[in-house]
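Asks: One structure, as structure tokens, below. Some questions next.
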There are 2 protein chains.
Amino acid sequence: MPETIDIQLKKGVLGLCVLAVLARNESYAYEIASHLSDAIGMGEGTIYPLMRRMQTDGLVATYMVESPAGPSRKYYKLTDAGRAALEAQRDEWRGFASAVDALLEPLPATPAPLEEA
Amino acid sequence: MPETIDIQLKKGVLGLCVLAVLARNESYAYEIASHLSDAIGMGEGTIYPLMRRMQTDGLVATYMVESPAGPSRKYYKLTDAGRAALEAQRDEWRGFASAVDALLEPLPATPAPLEEA
DNA sequence: ATATATACCTTGCATCAACAGGTAGCTTGT
DNA sequence: ACAAGCTACCTGTTGATGCAAGGTATATAT
């Protein structure tokens, strides 16, 4: 993977990635950001507006946990709506990605048409 | 694939799709639009600003062809820069899509850790 | 008191897909 | 001659989202 991914490619995908990360384990924003920074090069500061939006949309719920070092951490977990959104968006992503992959495949070489008798 | 794809998912991807379509055959905008409308639900009117941008970026060259019905058609073909962009963007897309797919895979169940003796 | 690391957050900006609204040419039918 | 339908093209405005600059705050170590 190149060092940086075009910002536009990530549009609309980050929310799905957050849902997928939270489906594995409950997590706090800074940790999710670190995860997604490693996986797909997402900027750290991107996570907070995104988590706020997802909370507003009812896809996640939050709770605070004391940290062993530094300030308290705001943990996130999926709601039922979040799980439903994950399924729907995963299917949508897979359909879309498959369609794009199909476009990117070169067509098999077609034999030259036979000359008319 | 659901009836409609989230607009945000298409951000940044349409140019790559156009390059891929033109790698197969030279084509005119309306036809490219029809192709991409079928493949990934792109709106017809979206094609013209996109083709203009790609032409400005030197990725495509154009020529006019009389049409058997209706007005003349503006055909597009890839330039050398366009072919290079196709390769680079295809690699970028594949790396990105693979990374997203990896995030979407559920982790294998991990065995419970053994209790300490 | 200061430095460092962790953790959180808001806001303005850039970019691009959508699409409304439009022009124009050709064919066919009246 | 005109209207309708189809093909083909095009621009400007809008809206959504990722980015990143800039900031606050807490805990630990020195």
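Each chain in the structure tokens gets a letter, A, B and so on, in the order shown; residues start at 1 in every chain, and ligands are counted from 1 in the order they appear.
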Using DSSP on the backbone coordinates, identify the residues of range 10-110 of chain B assigned to strand (DSSP E or B); present them as a list in words.
Replies: Ser27, Tyr28, Val60, Ala61, Thr62, Tyr63, Met64, Val65, Arg73, Lys74, Tyr75, Tyr76, Lys77 and Leu78 of chain B
Asks: Find the spatial neighbours of range 5-13 of chain B, counting only C-alpha atoms (C1' of nucleotides), within a cut-off of 8 Å - ignore same-chain residues fewer than 6 positions away - and output them as a list in words.
Replies: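 Selected residues are Asp6, Ile7, Gln8, Leu9, Lys10, Lys11, Gly12, Val13, Glu92, Trp93 and Phe96 of chain A; Ile40 and Gly41 of chain B; DC16 and DA17 of chain C; DA16 and DT17 of chain D.
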Asks: Kindly save the residues from that selection, with N, CA and C atoms (P, O5', C5', C4', C3', O3' and C1' of nucleotides) included, as a PDB file, in the first residue's frame.
Replies:
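Ended up saving to result25.pdb:
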ATOM      1  N   ASP A   6      -5.390   8.398  -0.902  1.00  0.00           N
ATOM      2  CA  ASP A   6      -6.155   9.566  -1.309  1.00  0.00           C
ATOM      3  C   ASP A   6      -7.314   9.774  -0.330  1.00  0.00           C
ATOM      4  N   ILE A   7      -7.402  10.989   0.172  1.00  0.00           N
ATOM      5  CA  ILE A   7      -8.451  11.331   1.139  1.00  0.00           C
ATOM      6  C   ILE A   7      -9.834  10.960   0.631  1.00  0.00           C
ATOM      7  N   GLN A   8     -10.046  11.170  -0.655  1.00  0.00           N
ATOM      8  CA  GLN A   8     -11.381  10.935  -1.209  1.00  0.00           C
ATOM      9  C   GLN A   8     -11.801   9.477  -1.115  1.00  0.00           C
ATOM     10  N   LEU A   9     -10.843   8.566  -1.222  1.00  0.00           N
ATOM     11  CA  LEU A   9     -11.177   7.139  -1.136  1.00  0.00           C
ATOM     12  C   LEU A   9     -11.782   6.793   0.217  1.00  0.00           C
ATOM     13  N   LYS A  10     -11.345   7.507   1.244  1.00  0.00           N
ATOM     14  CA  LYS A  10     -11.815   7.193   2.603  1.00  0.00           C
ATOM     15  C   LYS A  10     -13.212   7.733   2.895  1.00  0.00           C
ATOM     16  N   LYS A  11     -13.676   8.642   2.044  1.00  0.00           N
ATOM     17  CA  LYS A  11     -14.985   9.248   2.310  1.00  0.00           C
ATOM     18  C   LYS A  11     -16.069   8.172   2.335  1.00  0.00           C
ATOM     19  N   GLY A  12     -16.805   8.188   3.406  1.00  0.00           N
ATOM     20  CA  GLY A  12     -17.911   7.255   3.539  1.00  0.00           C
ATOM     21  C   GLY A  12     -17.518   5.900   4.073  1.00  0.00           C
ATOM     22  N   VAL A  13     -16.211   5.624   4.166  1.00  0.00           N
ATOM     23  CA  VAL A  13     -15.755   4.301   4.576  1.00  0.00           C
ATOM     24  C   VAL A  13     -15.368   4.251   6.052  1.00  0.00           C
ATOM     25  N   GLU A  92     -23.090  -3.250   1.568  1.00  0.00           N
ATOM     26  CA  GLU A  92     -22.989  -2.187   0.574  1.00  0.00           C
ATOM     27  C   GLU A  92     -21.541  -2.043   0.088  1.00  0.00           C
ATOM     28  N   TRP A  93     -20.608  -2.031   1.023  1.00  0.00           N
ATOM     29  CA  TRP A  93     -19.197  -1.888   0.675  1.00  0.00           C
ATOM     30  C   TRP A  93     -18.763  -3.055  -0.225  1.00  0.00           C
ATOM     31  N   PHE A  96     -20.181  -2.736  -3.698  1.00  0.00           N
ATOM     32  CA  PHE A  96     -19.524  -1.638  -4.392  1.00  0.00           C
ATOM     33  C   PHE A  96     -18.095  -2.024  -4.778  1.00  0.00           C
TER      34      PHE A  96
ATOM     35  N   ILE B  40     -22.089   1.017 -11.226  1.00  0.00           N
ATOM     36  CA  ILE B  40     -22.004   1.485  -9.849  1.00  0.00           C
ATOM     37  C   ILE B  40     -22.961   2.628  -9.510  1.00  0.00           C
ATOM     38  N   GLY B  41     -23.950   2.834 -10.348  1.00  0.00           N
ATOM     39  CA  GLY B  41     -24.999   3.782 -10.001  1.00  0.00           C
ATOM     40  C   GLY B  41     -24.603   5.243 -10.084  1.00  0.00           C
TER      41      GLY B  41
ATOM     42  P    DC C  16     -10.804  16.339  -6.146  1.00  0.00           P
ATOM     43  O5'  DC C  16     -12.256  15.700  -6.113  1.00  0.00           O
ATOM     44  C5'  DC C  16     -12.515  14.642  -5.188  1.00  0.00           C
ATOM     45  C4'  DC C  16     -13.993  14.357  -5.159  1.00  0.00           C
ATOM     46  C3'  DC C  16     -14.628  14.242  -6.544  1.00  0.00           C
ATOM     47  O3'  DC C  16     -15.523  13.141  -6.506  1.00  0.00           O
ATOM     48  C1'  DC C  16     -15.800  15.822  -5.274  1.00  0.00           C
ATOM     49  P    DA C  17     -15.812  12.325  -7.870  1.00  0.00           P
ATOM     50  O5'  DA C  17     -17.349  11.976  -7.642  1.00  0.00           O
ATOM     51  C5'  DA C  17     -17.735  11.232  -6.485  1.00  0.00           C
ATOM     52  C4'  DA C  17     -19.195  11.483  -6.181  1.00  0.00           C
ATOM     53  C3'  DA C  17     -20.139  11.292  -7.367  1.00  0.00           C
ATOM     54  O3'  DA C  17     -21.276  10.570  -6.923  1.00  0.00           O
ATOM     55  C1'  DA C  17     -20.344  13.512  -6.524  1.00  0.00           C
TER      56       DA C  17
ATOM     57  P    DA D  16     -26.004  17.252   3.846  1.00  0.00           P
ATOM     58  O5'  DA D  16     -24.744  16.285   3.781  1.00  0.00           O
ATOM     59  C5'  DA D  16     -24.712  15.259   2.801  1.00  0.00           C
ATOM     60  C4'  DA D  16     -23.346  14.612   2.813  1.00  0.00           C
ATOM     61  C3'  DA D  16     -22.814  14.361   4.229  1.00  0.00           C
ATOM     62  O3'  DA D  16     -22.280  13.045   4.265  1.00  0.00           O
ATOM     63  C1'  DA D  16     -21.270  15.681   2.982  1.00  0.00           C
ATOM     64  P    DT D  17     -21.826  12.418   5.662  1.00  0.00           P
ATOM     65  O5'  DT D  17     -20.233  12.485   5.514  1.00  0.00           O
ATOM     66  C5'  DT D  17     -19.640  11.930   4.352  1.00  0.00           C
ATOM     67  C4'  DT D  17     -18.168  12.247   4.347  1.00  0.00           C
ATOM     68  C3'  DT D  17     -17.492  12.081   5.713  1.00  0.00           C
ATOM     69  O3'  DT D  17     -16.253  11.432   5.493  1.00  0.00           O
ATOM     70  C1'  DT D  17     -17.035  14.207   4.853  1.00  0.00           C
TER      71       DT D  17
END
Asks: Would you list which chain A residues are within 12 Å of chain B using only C-alpha atoms, as a ChimeraX atom specification?
Replies: /A:1-25,32,35-42,86-110
Asks: Residues of chain B near chain C: apply a cut-off of 6 Å, count only C-alpha atoms (C1' of nucleotides), and supply the list as a list in words.
Replies: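 Result: Ala69, Gly70 and Pro71 of chain B.
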Asks: Find the residues of chain D in contact range of chain B, meaning any atom within 12 Å when counting only C-alpha atoms (C1' of nucleotides), and list them as a ChimeraX atom specification.
Replies: /D:5-12,15-18
